[in-house]
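Text of the file coords.cif, holding mmCIF, C-alpha atoms:
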data_structure
loop_
_atom_site.label_atom_id
_atom_site.label_comp_id
_atom_site.auth_asym_id
_atom_site.auth_seq_id
_atom_site.Cartn_x
_atom_site.Cartn_y
_atom_site.Cartn_z
CA MET A 573 -247.52 32.76 2.98
CA ARG A 574 -244.98 35.28 1.81
CA ALA A 575 -241.52 35.90 3.15
CA ALA A 576 -240.41 39.36 4.23
CA GLY A 577 -240.49 41.92 1.47
CA GLY A 578 -243.37 40.17 -0.33
CA VAL A 579 -241.15 37.51 -1.93
CA PRO A 580 -242.70 34.00 -1.96
CA PRO A 581 -240.92 31.43 0.21
CA PRO A 582 -238.42 29.18 -1.58
CA GLU A 583 -240.69 26.15 -1.33
CA VAL A 584 -243.49 28.04 -3.12
CA CYS A 585 -241.12 29.06 -5.94
CA ALA A 586 -239.96 25.47 -6.30
CA LEU A 587 -243.55 24.21 -6.41
CA SER A 588 -244.51 26.78 -9.06
CA ALA A 589 -241.51 25.87 -11.20
CA ALA A 590 -242.33 22.19 -10.88
CA GLN A 591 -245.90 22.85 -11.95
CA ALA A 592 -245.02 25.14 -14.85
CA GLY A 593 -241.91 23.29 -16.04
CA PRO A 594 -243.50 20.19 -17.55
CA GLY A 595 -246.06 22.29 -19.38
CA GLY A 596 -243.38 24.51 -20.88
CA ARG A 597 -241.21 21.56 -21.76
CA SER A 598 -244.24 19.77 -23.19
CA ALA A 599 -245.03 22.74 -25.46
CA MET A 600 -241.44 22.84 -26.70
CA ALA A 601 -241.42 19.10 -27.24
CA GLY A 602 -244.71 19.37 -29.09
CA GLY A 603 -243.25 22.00 -31.41
CA GLY A 604 -240.22 19.78 -32.05
CA ASP A 605 -242.43 16.78 -32.78
CA ALA A 606 -244.51 18.81 -35.22
CA LEU A 607 -241.38 19.95 -37.06
CA ARG A 608 -240.02 16.41 -37.25
CA ALA A 609 -243.37 15.18 -38.53
CA LEU A 610 -243.40 17.91 -41.19
CA LEU A 611 -239.88 16.97 -42.29
CA ARG A 612 -240.83 13.29 -42.48
CA ALA A 613 -243.87 14.16 -44.60
CA ALA A 614 -241.75 16.32 -46.92
CA ASN A 615 -239.13 13.60 -47.32
CA THR A 616 -241.84 11.03 -48.02
CA LEU A 617 -243.30 13.29 -50.71
CA LEU A 618 -239.87 13.77 -52.30
CA GLN A 619 -239.52 9.99 -52.64
CA GLN A 620 -242.80 9.60 -54.55
CA HIS A 621 -242.01 8.63 -58.14
CA ARG A 622 -245.26 10.04 -59.52
CA TYR A 623 -244.30 13.55 -58.44
CA ARG A 624 -240.73 13.31 -59.68
CA ALA A 625 -241.19 15.34 -62.88
CA ALA A 626 -242.94 18.22 -61.08
CA LEU A 627 -240.37 18.20 -58.28
CA ALA A 628 -237.55 18.23 -60.84
CA VAL A 629 -239.05 21.41 -62.31
CA LEU A 630 -239.06 23.03 -58.86
CA LYS A 631 -235.50 21.90 -58.14
CA GLY A 632 -234.46 23.20 -61.57
CA PHE A 633 -235.99 26.59 -60.75
CA ARG A 634 -234.06 26.66 -57.48
CA ASN A 635 -230.75 25.66 -59.06
CA GLY A 636 -231.20 28.15 -61.90
CA ALA A 637 -231.80 31.01 -59.47
CA VAL A 638 -228.81 30.10 -57.28
CA TYR A 639 -226.42 29.49 -60.16
CA GLY A 640 -227.45 32.68 -61.95
CA ALA A 641 -226.77 34.74 -58.84
CA LYS A 642 -223.42 33.04 -58.21
CA ILE A 643 -222.27 33.64 -61.78
CA ARG A 644 -223.57 37.18 -62.29
CA ALA A 645 -222.82 38.84 -58.94
CA PRO A 646 -218.98 38.63 -59.10
CA HIS A 647 -218.96 39.61 -62.79
CA ALA A 648 -221.26 42.57 -62.15
CA VAL A 649 -219.14 43.78 -59.24
CA VAL A 650 -215.93 43.73 -61.29
CA MET A 651 -217.38 45.30 -64.43
CA THR A 652 -219.33 47.96 -62.53
CA PHE A 653 -216.45 49.18 -60.40
CA LEU A 654 -213.97 49.01 -63.27
CA PHE A 655 -215.91 50.73 -66.02
CA LYS A 656 -219.06 52.42 -64.71
CA SER A 657 -219.28 55.89 -63.24
CA GLY A 658 -221.80 57.12 -60.69
CA SER A 659 -222.35 57.07 -56.96
CA LEU A 660 -221.82 54.00 -54.79
CA ARG A 661 -225.57 53.63 -54.44
CA GLU A 662 -226.05 53.67 -58.21
CA LYS A 663 -223.32 51.08 -58.67
CA LEU A 664 -224.78 48.78 -56.01
CA LYS A 665 -228.22 49.15 -57.57
CA SER A 666 -226.80 48.21 -60.97
CA ILE A 667 -225.09 45.14 -59.51
CA ALA A 668 -228.27 44.03 -57.74
CA GLN A 669 -230.37 44.52 -60.88
CA ALA A 670 -227.96 42.57 -63.10
CA THR A 671 -227.73 39.75 -60.55
CA TYR A 672 -231.51 39.56 -60.16
CA THR A 673 -232.12 39.56 -63.92
CA HIS A 674 -229.60 36.78 -64.59
CA SER A 675 -230.83 34.70 -61.66
CA ARG A 676 -234.50 35.12 -62.59
CA ASN A 677 -234.01 34.36 -66.29
CA LEU A 678 -231.97 31.24 -65.65
CA ALA A 679 -234.50 30.00 -63.10
CA TYR A 680 -237.37 30.55 -65.53
CA PHE A 681 -235.49 28.90 -68.39
CA VAL A 682 -234.48 25.77 -66.47
CA SER A 683 -237.98 25.20 -65.10
CA THR A 684 -239.56 25.85 -68.52
CA TYR A 685 -237.13 23.48 -70.24
CA LYS A 686 -237.62 20.68 -67.72
CA GLY A 687 -241.38 21.12 -67.78
CA LEU A 688 -241.53 20.88 -71.57
CA MET A 689 -239.21 17.89 -71.54
CA ALA A 690 -241.46 16.07 -69.08
CA LEU A 691 -244.57 16.97 -71.08
CA GLN A 692 -243.14 15.72 -74.39
CA SER A 693 -241.89 12.51 -72.83
CA ARG A 694 -245.32 11.87 -71.30
CA LEU A 695 -247.16 12.56 -74.56
CA GLN A 696 -244.89 10.33 -76.69
CA GLY A 697 -244.15 7.74 -74.05
CA LYS A 698 -240.39 8.09 -74.41
CA LYS A 699 -237.59 10.64 -74.60
CA ILE A 700 -236.04 11.46 -77.99
CA PRO A 701 -233.25 13.93 -78.96
CA PHE A 702 -235.64 16.36 -80.65
CA HIS A 703 -237.40 16.95 -77.32
CA SER A 704 -234.32 18.67 -75.92
CA PHE A 705 -233.90 20.92 -78.94
CA PHE A 706 -237.57 21.90 -79.09
CA ALA A 707 -237.91 22.54 -75.33
CA ALA A 708 -234.77 24.68 -75.28
CA CYS A 709 -235.87 26.64 -78.36
CA ILE A 710 -239.20 27.49 -76.73
CA GLY A 711 -237.55 28.34 -73.42
CA GLY A 712 -234.89 30.48 -75.08
CA TRP A 713 -237.47 32.39 -77.10
CA LEU A 714 -239.71 33.00 -74.10
CA VAL A 715 -237.07 33.80 -71.49
CA PHE A 716 -234.06 35.15 -73.37
CA GLY A 717 -235.83 36.68 -76.36
CA GLU A 718 -235.53 40.26 -75.12
CA ASN A 719 -232.47 42.02 -76.54
CA ASN A 720 -230.78 43.44 -73.44
CA PRO A 721 -227.18 43.45 -72.16
CA ILE A 722 -227.62 40.48 -69.79
CA ASN A 723 -229.28 38.24 -72.39
CA SER A 724 -226.77 39.31 -75.06
CA GLN A 725 -223.85 38.26 -72.87
CA ILE A 726 -225.44 34.91 -72.13
CA ILE A 727 -226.20 34.23 -75.80
CA MET A 728 -222.66 35.18 -76.89
CA TYR A 729 -221.23 32.96 -74.15
CA LEU A 730 -223.29 30.05 -75.42
CA LEU A 731 -222.56 30.78 -79.09
CA SER A 732 -218.81 30.47 -78.67
CA ARG A 733 -219.18 27.13 -76.91
CA ILE A 734 -221.66 25.88 -79.48
CA LEU A 735 -219.20 26.57 -82.30
CA PHE A 736 -216.46 24.67 -80.47
CA GLY A 737 -218.86 21.82 -79.66
CA LEU A 738 -220.17 21.50 -83.22
CA SER A 739 -216.62 21.52 -84.57
CA ARG A 740 -215.64 18.66 -82.27
CA LEU A 741 -218.83 16.78 -83.08
CA ALA A 742 -218.16 17.12 -86.83
CA VAL A 743 -214.75 15.51 -86.32
CA GLU A 744 -216.15 12.76 -84.08
CA LYS A 745 -218.85 11.88 -86.63
CA GLY A 746 -216.38 11.89 -89.52
CA TYR A 747 -217.94 14.84 -91.35
CA VAL A 748 -214.62 16.67 -91.05
CA PRO A 749 -211.29 14.81 -91.19
CA GLN A 750 -209.22 14.70 -88.05
CA PRO A 751 -206.68 17.57 -88.24
CA LYS A 752 -203.07 16.46 -88.46
CA GLN A 753 -202.03 19.34 -86.25
CA ASP A 754 -203.78 21.10 -83.39
CA PRO A 755 -205.90 23.84 -85.04
CA PHE A 756 -206.22 25.88 -81.86
CA PRO A 757 -203.31 28.27 -82.59
CA LEU A 758 -204.82 29.13 -85.97
CA VAL A 759 -208.27 29.64 -84.40
CA ALA A 760 -206.79 31.88 -81.69
CA GLY A 761 -205.01 33.98 -84.28
CA LEU A 762 -208.11 34.39 -86.46
CA ILE A 763 -210.31 35.27 -83.48
CA TRP A 764 -207.97 37.95 -82.17
CA GLY A 765 -207.32 39.30 -85.64
CA THR A 766 -211.04 39.62 -86.33
CA VAL A 767 -212.01 41.18 -83.01
CA LEU A 768 -209.26 43.83 -83.13
CA TRP A 769 -210.15 44.67 -86.73
CA LEU A 770 -213.76 45.14 -85.65
CA PHE A 771 -212.68 47.23 -82.67
CA GLU A 772 -210.48 49.53 -84.75
CA TYR A 773 -212.78 50.03 -87.73
CA HIS A 774 -216.32 48.86 -86.81
CA ARG A 775 -216.41 49.38 -83.07
CA GLN A 776 -220.16 49.88 -82.88
CA THR A 777 -220.72 46.24 -83.86
CA LEU A 778 -219.13 44.94 -80.66
CA GLN A 779 -220.92 44.34 -77.39
CA PRO A 780 -220.64 47.36 -74.99
CA SER A 781 -218.70 45.60 -72.22
CA LEU A 782 -216.18 44.33 -74.80
CA GLN A 783 -215.85 47.85 -76.17
CA SER A 784 -215.16 49.14 -72.66
CA SER A 785 -212.53 46.49 -72.01
CA MET A 786 -210.74 47.13 -75.30
CA THR A 787 -210.92 50.90 -74.91
CA TYR A 788 -209.14 50.54 -71.57
CA LEU A 789 -206.51 48.22 -73.03
CA TYR A 790 -205.80 49.77 -76.44
CA ASP A 791 -207.03 53.37 -76.49
CA ASP A 792 -206.38 54.56 -72.94
CA SER A 793 -202.84 53.17 -73.07
CA ASN A 794 -202.05 55.73 -75.78
CA VAL A 795 -202.71 58.72 -73.51
CA TRP A 796 -200.68 60.06 -70.55
CA HIS A 797 -199.39 63.35 -69.20
CA ASP A 798 -196.95 62.47 -66.42
CA ILE A 799 -195.89 59.61 -64.19
CA SER A 800 -199.21 59.66 -62.32
CA ASP A 801 -201.40 58.69 -65.27
CA PHE A 802 -198.64 56.69 -66.95
CA LEU A 803 -197.94 54.25 -64.13
CA ILE A 804 -200.33 54.78 -61.22
CA TYR A 805 -203.66 55.82 -62.71
CA ASN A 806 -205.27 55.16 -66.05
CA LYS A 807 -206.58 58.73 -66.40
CA ARG A 808 -205.97 61.97 -64.56
CA THR A 809 -208.91 63.31 -62.63
CA ASP A 810 -207.60 66.89 -62.29
CA SER A 811 -207.43 69.59 -64.96
CA LYS A 812 -203.66 69.96 -65.23
#
Take the structure in the file and give it back as C-alpha cells.
Amino acid sequence: MRAAGGVPPPEVCALSAAQAGPGGRSAMAGGGDALRALLRAANTLLQQHRYRAALAVLKGFRNGAVYGAKIRAPHAVVMTFLFKSGSLREKLKSIAQATYTHSRNLAYFVSTYKGLMALQSRLQGKKIPFHSFFAACIGGWLVFGENNPINSQIIMYLLSRILFGLSRLAVEKGYVPQPKQDPFPLVAGLIWGTVLWLFEYHRQTLQPSLQSSMTYLYDDSNVWHDISDFLIYNKRTDSK
C-alpha cells in the first residue's frame, strides 16, 4: 500500500530501513575490520627482526626525503625572493625544483648508505668503522657527484663541519696540544679575512649564492641617489 501522493506509509519506510540498516552497517564494519587487520599485519611485520635492515633502509629513505624538503624549502624561498628576478611562477618553479632535488638526493643517499652498511656487516659478520667511511664514499659519489648548485651547497656545508670536527678530534686524541686560549676568535678573523679578500679580488672563485649575498652587503651599499634607495630600497627601479 502507498499513502496519498505515492509516498510509502511510515511503517513500510521503517521496515525498509530496518532491513537495509544492518547490511549497510555490516559493510562499514567489515571495512573497518579489514583496515584493522591490515594495520595489525603491518605492525607485526615491522617487529620482525629478520626484516629490520631492509625496513631501516626504507625508513631512511623516508626520513631523508622529509628532512631534505624541510631544510631546502625555507632556504629556497628566502634566497629566491631576495636575489632572483623573474615572474612569480618562475620563482615558485625554482623553489619547487630546488626542494625536490635536495629531498630526492638526501633520500637516495641515506637509503644507499644504510643498505651498504647492512651489506658489509652481513658479509663480515660485524660492524667496523671502515664500513661507515666506505658506504658514505660510495653514496656520496653516486648521489652527490654531479657538480650543481644544490650539491655544492651541501658539500660546502659538510666541509666546514668536517674541519671543525677533525680539529676537535685531533685535540681529543692528543695529536694537537690543548690550546691555552679559545682559538675561535682567531679562526673567525682568518675566515672573514679570507672570504672578503676572495670576494674583492677573486670573486669568481666563490659560490654564486655567497657572491649574491656579499654583493648586496658590500657593493650595493656603495650606491644611492636619494633617500628612497638610501634608506627604503636597495636599488631604484625607475630611470631618474
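Going from CA of Thr652 (chain A) to CA of Leu664 (chain A) covers 8.5 Å.
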Next item on the list: Calculate how many Å separate CA of Asp605 (chain A) from CA of Tyr623 (chain A), rounding to one decimal.
Entry: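 That distance, rounded to one decimal, is 25.9 Å.
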Next item on the list: Rank A:Gln776, A:Ser739, A:Asn635, A:Gln725 by their smallest atom-to-atom distance to Arg676 (chain A), using only C-alpha atoms, and report the top residue only.
Entry: A:Asn635
On this structure, which residues satisfy the PyMOL selection byres ((chain A and resi 668) around 12), written as an mmCIF file with C-alpha atoms, in the coordinates of the input?
data_model
loop_
_atom_site.group_PDB
_atom_site.id
_atom_site.type_symbol
_atom_site.label_atom_id
_atom_site.label_comp_id
_atom_site.auth_asym_id
_atom_site.auth_seq_id
_atom_site.Cartn_x
_atom_site.Cartn_y
_atom_site.Cartn_z
ATOM 1 C CA ALA A 641 -226.770 34.740 -58.840
ATOM 2 C CA ARG A 644 -223.570 37.180 -62.290
ATOM 3 C CA ALA A 645 -222.820 38.840 -58.940
ATOM 4 C CA PRO A 646 -218.980 38.630 -59.100
ATOM 5 C CA HIS A 647 -218.960 39.610 -62.790
ATOM 6 C CA ALA A 648 -221.260 42.570 -62.150
ATOM 7 C CA VAL A 649 -219.140 43.780 -59.240
ATOM 8 C CA THR A 652 -219.330 47.960 -62.530
ATOM 9 C CA ARG A 661 -225.570 53.630 -54.440
ATOM 10 C CA GLU A 662 -226.050 53.670 -58.210
ATOM 11 C CA LYS A 663 -223.320 51.080 -58.670
ATOM 12 C CA LEU A 664 -224.780 48.780 -56.010
ATOM 13 C CA LYS A 665 -228.220 49.150 -57.570
ATOM 14 C CA SER A 666 -226.800 48.210 -60.970
ATOM 15 C CA ILE A 667 -225.090 45.140 -59.510
ATOM 16 C CA GLN A 669 -230.370 44.520 -60.880
ATOM 17 C CA ALA A 670 -227.960 42.570 -63.100
ATOM 18 C CA THR A 671 -227.730 39.750 -60.550
ATOM 19 C CA TYR A 672 -231.510 39.560 -60.160
ATOM 20 C CA THR A 673 -232.120 39.560 -63.920
ATOM 21 C CA HIS A 674 -229.600 36.780 -64.590
ATOM 22 C CA SER A 675 -230.830 34.700 -61.660
ATOM 23 C CA ARG A 676 -234.500 35.120 -62.590
#
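When only C-alpha atoms are used to compute distances to Cys709 (chain A), the closest of the residues A:Leu627, A:Val767, A:Met689, A:Val638 turns out to be A:Met689.
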Checklist line | Given only C-alpha atoms as the counted atoms, nearest of A:Gln753, A:Ser704, A:Asn677, A:Thr777 to Phe633 (chain A) | finding: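 That would be A:Asn677, the residue with the smallest distance to Phe633 (chain A).
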Item checked: Expected residue set, 12 Å radius at (-215.2, 53.3, -63.1), only C-alpha atoms, as a PyMOL selection string -> chain A and resi 649-660+662-663+784-785+788+805-807+809
Would you mind completing region 618-642 of chain A so that it carries N, CA and C atoms, and writing it out as a compact mmCIF listing (two decimals), in the frame of the given file?
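Result went into out.txt, see below:
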# COMPACT_ATOMS: atom_id res chain seq x y z
N LEU A 618 -240.99 13.68 -51.36
CA LEU A 618 -239.87 13.77 -52.30
C LEU A 618 -239.48 12.40 -52.86
N GLN A 619 -239.85 11.33 -52.17
CA GLN A 619 -239.52 9.99 -52.64
C GLN A 619 -240.58 9.40 -53.55
N GLN A 620 -241.71 10.11 -53.72
CA GLN A 620 -242.80 9.60 -54.55
C GLN A 620 -242.44 9.73 -56.04
N HIS A 621 -242.42 8.62 -56.73
CA HIS A 621 -242.01 8.63 -58.14
C HIS A 621 -243.00 9.41 -59.01
N ARG A 622 -244.27 9.39 -58.66
CA ARG A 622 -245.26 10.04 -59.52
C ARG A 622 -245.14 11.55 -59.52
N TYR A 623 -244.50 12.11 -58.50
CA TYR A 623 -244.30 13.55 -58.44
C TYR A 623 -242.91 13.98 -58.91
N ARG A 624 -242.14 13.03 -59.40
CA ARG A 624 -240.73 13.31 -59.68
C ARG A 624 -240.54 14.39 -60.75
N ALA A 625 -241.34 14.36 -61.80
CA ALA A 625 -241.19 15.34 -62.88
C ALA A 625 -241.48 16.75 -62.38
N ALA A 626 -242.58 16.90 -61.61
CA ALA A 626 -242.94 18.22 -61.08
C ALA A 626 -241.89 18.71 -60.09
N LEU A 627 -241.39 17.81 -59.25
CA LEU A 627 -240.37 18.20 -58.28
C LEU A 627 -239.06 18.57 -58.97
N ALA A 628 -238.76 17.89 -60.09
CA ALA A 628 -237.55 18.23 -60.84
C ALA A 628 -237.65 19.63 -61.42
N VAL A 629 -238.85 20.04 -61.82
CA VAL A 629 -239.05 21.41 -62.31
C VAL A 629 -238.77 22.41 -61.20
N LEU A 630 -239.29 22.13 -60.00
CA LEU A 630 -239.06 23.03 -58.86
C LEU A 630 -237.57 23.09 -58.48
N LYS A 631 -236.93 21.92 -58.47
CA LYS A 631 -235.50 21.90 -58.14
C LYS A 631 -234.69 22.62 -59.22
N GLY A 632 -235.12 22.48 -60.48
CA GLY A 632 -234.46 23.20 -61.57
C GLY A 632 -234.60 24.71 -61.42
N PHE A 633 -235.78 25.16 -61.00
CA PHE A 633 -235.99 26.59 -60.75
C PHE A 633 -235.05 27.07 -59.65
N ARG A 634 -234.95 26.30 -58.60
CA ARG A 634 -234.06 26.66 -57.48
C ARG A 634 -232.60 26.72 -57.92
N ASN A 635 -232.15 25.69 -58.63
CA ASN A 635 -230.75 25.66 -59.06
C ASN A 635 -230.45 26.76 -60.07
N GLY A 636 -231.41 27.07 -60.95
CA GLY A 636 -231.20 28.15 -61.90
C GLY A 636 -231.04 29.48 -61.21
N ALA A 637 -231.88 29.74 -60.20
CA ALA A 637 -231.80 31.01 -59.47
C ALA A 637 -230.48 31.14 -58.73
N VAL A 638 -230.07 30.06 -58.05
CA VAL A 638 -228.81 30.10 -57.28
C VAL A 638 -227.61 30.25 -58.19
N TYR A 639 -227.57 29.45 -59.26
CA TYR A 639 -226.42 29.49 -60.16
C TYR A 639 -226.32 30.84 -60.87
N GLY A 640 -227.46 31.37 -61.30
CA GLY A 640 -227.45 32.68 -61.95
C GLY A 640 -226.90 33.77 -61.06
N ALA A 641 -227.28 33.74 -59.78
CA ALA A 641 -226.77 34.74 -58.84
C ALA A 641 -225.28 34.55 -58.59
N LYS A 642 -224.84 33.31 -58.47
CA LYS A 642 -223.42 33.04 -58.21
C LYS A 642 -222.54 33.46 -59.38
